[in-house]
Every structure is written in C-alpha cells, then in structure tokens.
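A.B. asks: Structure file entry-v8.pdb (PDB, C-alpha atoms) is given on the next line.
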MODEL        1
ATOM      1  CA  MET M   1       0.000   0.000   0.000
ATOM      2  CA  ALA M   2       1.407   3.408  -0.996
ATOM      3  CA  SER M   3       1.827   5.948   1.755
ATOM      4  CA  PRO M   4       0.197   9.386   1.438
ATOM      5  CA  PHE M   5       3.705  10.881   1.389
ATOM      6  CA  ASN M   6       4.721   8.798  -1.658
ATOM      7  CA  SER M   7       1.521   9.818  -3.414
ATOM      8  CA  MET M   8       2.158  13.501  -2.699
ATOM      9  CA  LEU M   9       5.774  13.161  -3.835
ATOM     10  CA  ARG M  10       4.649  11.606  -7.137
ATOM     11  CA  GLN M  11       2.143  14.432  -7.660
ATOM     12  CA  TYR M  12       4.845  17.019  -6.971
ATOM     13  CA  GLN M  13       7.248  15.358  -9.412
ATOM     14  CA  GLN M  14       4.565  15.192 -12.100
ATOM     15  CA  ALA M  15       3.655  18.846 -11.563
ATOM     16  CA  SER M  16       7.339  19.818 -11.737
ATOM     17  CA  ALA M  17       7.849  17.875 -14.965
ATOM     18  CA  SER M  18       4.731  19.465 -16.415
ATOM     19  CA  ALA M  19       6.011  22.934 -15.485
ATOM     20  CA  VAL M  20       9.260  22.268 -17.351
ATOM     21  CA  PHE M  21       7.466  21.121 -20.501
ATOM     22  CA  THR M  22       5.147  24.135 -20.586
ATOM     23  CA  ALA M  23       7.581  26.827 -19.420
ATOM     24  CA  SER M  24       8.857  29.637 -21.601
ATOM     25  CA  PRO M  25      12.617  29.782 -22.253
ATOM     26  CA  HIS M  26      12.822  32.662 -19.767
ATOM     27  CA  LYS M  27      11.035  30.612 -17.108
ATOM     28  CA  LEU M  28      13.314  27.613 -17.751
ATOM     29  CA  ILE M  29      16.381  29.713 -16.999
ATOM     30  CA  GLU M  30      14.677  31.054 -13.894
ATOM     31  CA  MET M  31      13.987  27.467 -12.804
ATOM     32  CA  CYS M  32      17.597  26.441 -13.491
ATOM     33  CA  LEU M  33      18.965  29.289 -11.398
ATOM     34  CA  ALA M  34      16.583  28.467  -8.549
ATOM     35  CA  GLY M  35      17.533  24.791  -8.785
ATOM     36  CA  ALA M  36      21.250  25.553  -8.661
ATOM     37  CA  LEU M  37      20.743  27.815  -5.644
ATOM     38  CA  GLU M  38      18.732  25.110  -3.893
ATOM     39  CA  ARG M  39      21.428  22.502  -4.485
ATOM     40  CA  VAL M  40      24.163  24.831  -3.226
ATOM     41  CA  ALA M  41      22.178  25.459  -0.032
ATOM     42  CA  ILE M  42      21.643  21.725   0.521
ATOM     43  CA  ALA M  43      25.342  21.054  -0.137
ATOM     44  CA  LYS M  44      26.335  23.644   2.455
ATOM     45  CA  GLY M  45      24.069  21.984   5.011
ATOM     46  CA  ALA M  46      25.554  18.609   4.123
ATOM     47  CA  ILE M  47      29.073  19.973   4.750
ATOM     48  CA  GLN M  48      27.981  21.281   8.132
ATOM     49  CA  ARG M  49      26.501  17.884   9.036
ATOM     50  CA  GLY M  50      29.498  15.969   7.693
ATOM     51  CA  GLU M  51      27.395  14.235   5.000
ATOM     52  CA  LEU M  52      30.094  14.207   2.356
ATOM     53  CA  ALA M  53      28.338  11.926  -0.146
ATOM     54  CA  GLU M  54      25.260  14.160  -0.099
ATOM     55  CA  LYS M  55      27.478  17.237  -0.454
ATOM     56  CA  ALA M  56      29.208  15.761  -3.480
ATOM     57  CA  ARG M  57      25.906  14.747  -5.085
ATOM     58  CA  ARG M  58      24.370  18.199  -4.640
ATOM     59  CA  ILE M  59      27.466  20.060  -5.825
ATOM     60  CA  SER M  60      27.658  17.795  -8.879
ATOM     61  CA  ALA M  61      24.019  18.611  -9.647
ATOM     62  CA  ALA M  62      24.679  22.347  -9.251
ATOM     63  CA  ILE M  63      27.680  22.089 -11.585
ATOM     64  CA  ALA M  64      25.533  20.291 -14.174
ATOM     65  CA  ILE M  65      22.908  23.048 -14.014
ATOM     66  CA  VAL M  66      25.442  25.866 -14.318
ATOM     67  CA  GLU M  67      27.171  24.084 -17.204
ATOM     68  CA  HIS M  68      23.793  23.735 -18.913
ATOM     69  CA  LEU M  69      23.183  27.468 -18.463
ATOM     70  CA  ARG M  70      26.635  28.155 -19.854
ATOM     71  CA  LEU M  71      26.120  25.945 -22.895
ATOM     72  CA  SER M  72      22.732  27.575 -23.522
ATOM     73  CA  LEU M  73      24.204  31.055 -23.936
ATOM     74  CA  ASP M  74      23.613  32.575 -27.356
ATOM     75  CA  ARG M  75      27.054  34.039 -27.870
ATOM     76  CA  GLY M  76      26.164  35.443 -31.293
ATOM     77  CA  ALA M  77      23.135  37.417 -30.177
ATOM     78  CA  GLY M  78      24.263  37.961 -26.587
ATOM     79  CA  GLY M  79      27.485  39.811 -27.368
ATOM     80  CA  GLU M  80      29.379  41.122 -24.366
ATOM     81  CA  LEU M  81      26.666  40.070 -21.895
ATOM     82  CA  ALA M  82      26.876  36.444 -23.050
ATOM     83  CA  ALA M  83      30.688  36.571 -22.888
ATOM     84  CA  ASN M  84      30.547  37.938 -19.335
ATOM     85  CA  LEU M  85      28.036  35.294 -18.262
ATOM     86  CA  ASP M  86      30.218  32.606 -19.864
ATOM     87  CA  ARG M  87      33.196  33.731 -17.778
ATOM     88  CA  LEU M  88      31.055  34.003 -14.639
ATOM     89  CA  TYR M  89      29.553  30.540 -15.097
ATOM     90  CA  ASP M  90      33.052  29.124 -15.692
ATOM     91  CA  TYR M  91      34.238  30.738 -12.454
ATOM     92  CA  ILE M  92      31.205  29.416 -10.561
ATOM     93  CA  VAL M  93      31.861  25.871 -11.788
ATOM     94  CA  ARG M  94      35.499  26.103 -10.691
ATOM     95  CA  ARG M  95      34.463  27.415  -7.254
ATOM     96  CA  LEU M  96      31.936  24.606  -6.903
ATOM     97  CA  ALA M  97      34.644  22.054  -7.730
ATOM     98  CA  GLN M  98      36.925  23.670  -5.141
ATOM     99  CA  ALA M  99      34.128  23.636  -2.564
ATOM    100  CA  ASN M 100      33.559  19.962  -3.254
ATOM    101  CA  ALA M 101      37.236  19.035  -3.029
ATOM    102  CA  GLY M 102      37.888  21.080   0.112
ATOM    103  CA  ASN M 103      34.507  20.862   1.875
ATOM    104  CA  ASP M 104      34.552  24.650   1.671
ATOM    105  CA  ALA M 105      31.277  26.189   2.877
ATOM    106  CA  GLU M 106      32.645  29.704   2.254
ATOM    107  CA  ALA M 107      33.111  28.917  -1.447
ATOM    108  CA  LEU M 108      29.478  27.800  -1.519
ATOM    109  CA  ASP M 109      28.468  31.103   0.077
ATOM    110  CA  GLU M 110      30.339  32.941  -2.677
ATOM    111  CA  VAL M 111      28.616  30.840  -5.359
ATOM    112  CA  ARG M 112      25.244  31.443  -3.715
ATOM    113  CA  GLU M 113      25.871  35.190  -3.785
ATOM    114  CA  LEU M 114      26.927  35.182  -7.442
ATOM    115  CA  LEU M 115      24.047  32.991  -8.596
ATOM    116  CA  GLY M 116      21.672  35.068  -6.486
ATOM    117  CA  GLN M 117      22.776  38.222  -8.287
ATOM    118  CA  VAL M 118      22.297  36.583 -11.686
ATOM    119  CA  LYS M 119      18.844  35.332 -10.648
ATOM    120  CA  GLU M 120      17.872  38.738  -9.302
ATOM    121  CA  GLY M 121      18.819  40.347 -12.618
ATOM    122  CA  TRP M 122      17.022  37.640 -14.567
ATOM    123  CA  ASP M 123      13.899  38.001 -12.429
ATOM    124  CA  SER M 124      13.887  41.775 -12.944
ATOM    125  CA  LEU M 125      14.052  41.196 -16.712
ATOM    126  CA  ALA M 126      10.888  39.132 -16.455
ATOM    127  CA  SER M 127       9.231  41.799 -14.351
ATOM    128  CA  ASN M 128      10.136  44.514 -16.872
ATOM    129  CA  GLU M 129       9.008  42.269 -19.741
ATOM    130  CA  VAL M 130       5.619  41.742 -18.087
ATOM    131  CA  LYS M 131       5.266  45.493 -17.491
ATOM    132  CA  ALA M 132       6.085  46.238 -21.128
ATOM    133  CA  VAL M 133       3.614  43.663 -22.440
ATOM    134  CA  THR M 134       0.917  44.851 -20.043
ATOM    135  CA  THR M 135       1.499  48.495 -20.951
ATOM    136  CA  THR M 136       1.408  47.674 -24.676
ATOM    137  CA  ALA M 137      -1.780  45.618 -24.262
ATOM    138  CA  LEU M 138      -3.473  48.334 -22.206
ATOM    139  CA  GLY M 139      -2.397  50.965 -24.729
ATOM    140  CA  ALA M 140      -3.850  48.918 -27.582
ATOM    141  CA  ALA M 141      -7.123  48.474 -25.698
ATOM    142  CA  ALA M 142      -7.501  52.206 -25.045
TER     143      ALA M 142
ENDMDL
END
Here is a file; write its structure as structure tokens.

C.D. replies:
Amino acid sequence: MASPFNSMLRQYQQASASAVFTASPHKLIEMCLAGALERVAIAKGAIQRGELAEKARRISAAIAIVEHLRLSLDRGAGGELAANLDRLYDYIVRRLAQANAGNDAEALDEVRELLGQVKEGWDSLASNEVKAVTTTALGAAA
C-alpha cells in the first residue's frame, strides 16, 4: 500500500515535470537558477553535518545546471553580456569544484551570492518584460 507521502511526492514530481514542458525559455532559466541555488544550499548543510556523499551529489548537480546554463548562452546574439556570463559561469563551476574538493562552505556562500545576483537580474528582466507587455496591451485596448 502506498503511503500518502509517496503519493504527494509523485504528484509534486509530475507537476514539476509538467512545469518544465510548458515553461517559456525565460522561465526555464529562472527554474535552473533556482535549482542551482537550492542545491548549493543543501550542499552547504551537508558539509555542516558531515554528510560528504550528499554534499558531493548536490554540488555535482549544481555544476551540471550551471554548465547547462553556460552551454545555452547565445554568444552570437548575446554579445558582451553572453561573454561575461560565460566567464562568470566558468568561475562558478570552478568554485563549486573547489568547494567539493575542500569541503569549503565559504566557497558555496560565494557561489550562492553570485548565482543570487544573476537570478535577481534575470527576475527583474521578467518583471520589466511583463510590465512592457501589459502596458502595450493596455495601450492597444484604449
């Protein structure tokens, strides 16, 4: 007999998968940044508890997400911004590897700060985009 927890977990996983399949490209990047931040936070907790296998698993997942973001950059259209993000993502991956090798919670704090700044900027882009679309739609309706 399945426990209510397992049933709720399955529903959550299905809803998460559905969100990925229906998300806009902008939302996917937002989700990736949030996922990387979550994994960094869990890895830091694992270091503090001495759970080194969990730390390594979470840092590896964060590295995979950041590498995916890096590979997704449109260097042709993105110009200097894409080049800067490429260098930043490369630095973040190296810091994550160092944090993993040295059980370095401070390196994870630095990564969290950097990813947080990128996410904050990305989120503000979405907010400005929504405002622009809303303003345009309201202007057209007037």

A.B. asks: To verify the selection step, state as a PyMOL selection string which residues the PyMOL selection byres ((chain M and resi 91) around 12) yields on this input.

C.D. replies: chain M and resi 63+66-67+70+84-90+92-98+107+110-111+114-115

A.B. asks: When you look at segment 28-35 of chain M with a cut-off of 10 Å (counting all atoms listed in the file), what residues show up, excluding the ones that are within fewer than 3 positions of it in the same chain? I need them as a PyMOL selection string.

C.D. replies: chain M and resi 19-25+38-41+61-62+65-66+68-69+72+115-116+118-120+122-123+126

A.B. asks: Considering all atoms listed in the file, return as an NGL selection string whatever protein or nucleic-acid residues lie within 10 Å of Ala56 of chain M, sequence-local ones (same chain, fewer than 6 positions apart) excluded.

C.D. replies: :M and (43 or 46-47 or 62 or 96-97 or 99-101 or 103)

A.B. asks: How many Å lie between atom CA of Lys27 of chain M and atom CA of Glu106 of chain M, rounded to one decimal?

C.D. replies: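 That distance, rounded to one decimal, is 29.0 Å.
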
A.B. asks: Compare M:Leu37, M:Leu71, M:Leu125, M:Ala105 by their minimum atom-to-atom distance to Lys55 of chain M, counting all atoms listed in the file, and give me the closest one.

C.D. replies: M:Ala105

A.B. asks: Between atom CA of Ile42 of chain M and atom CA of Leu73 of chain M, what distance in Å does the model show, to one decimal?

C.D. replies: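 Interatomic distance here is 26.3 Å.
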
A.B. asks: Draw an axis-aligned box over all listed atoms of segment 58-62 of chain M, pad each side with 4 Å, and write its centre and edge lengths in Å, one decimal, as JSON.

C.D. replies:
{"center_x": 25.8, "center_y": 20.1, "center_z": -7.1, "size_x": 11.6, "size_y": 12.6, "size_z": 13.0}

A.B. asks: Just give me the gap between atom CA of Gln48 of chain M and atom CA of Gln117 of chain M in Å, one decimal is fine.

C.D. replies: 24.2 Å
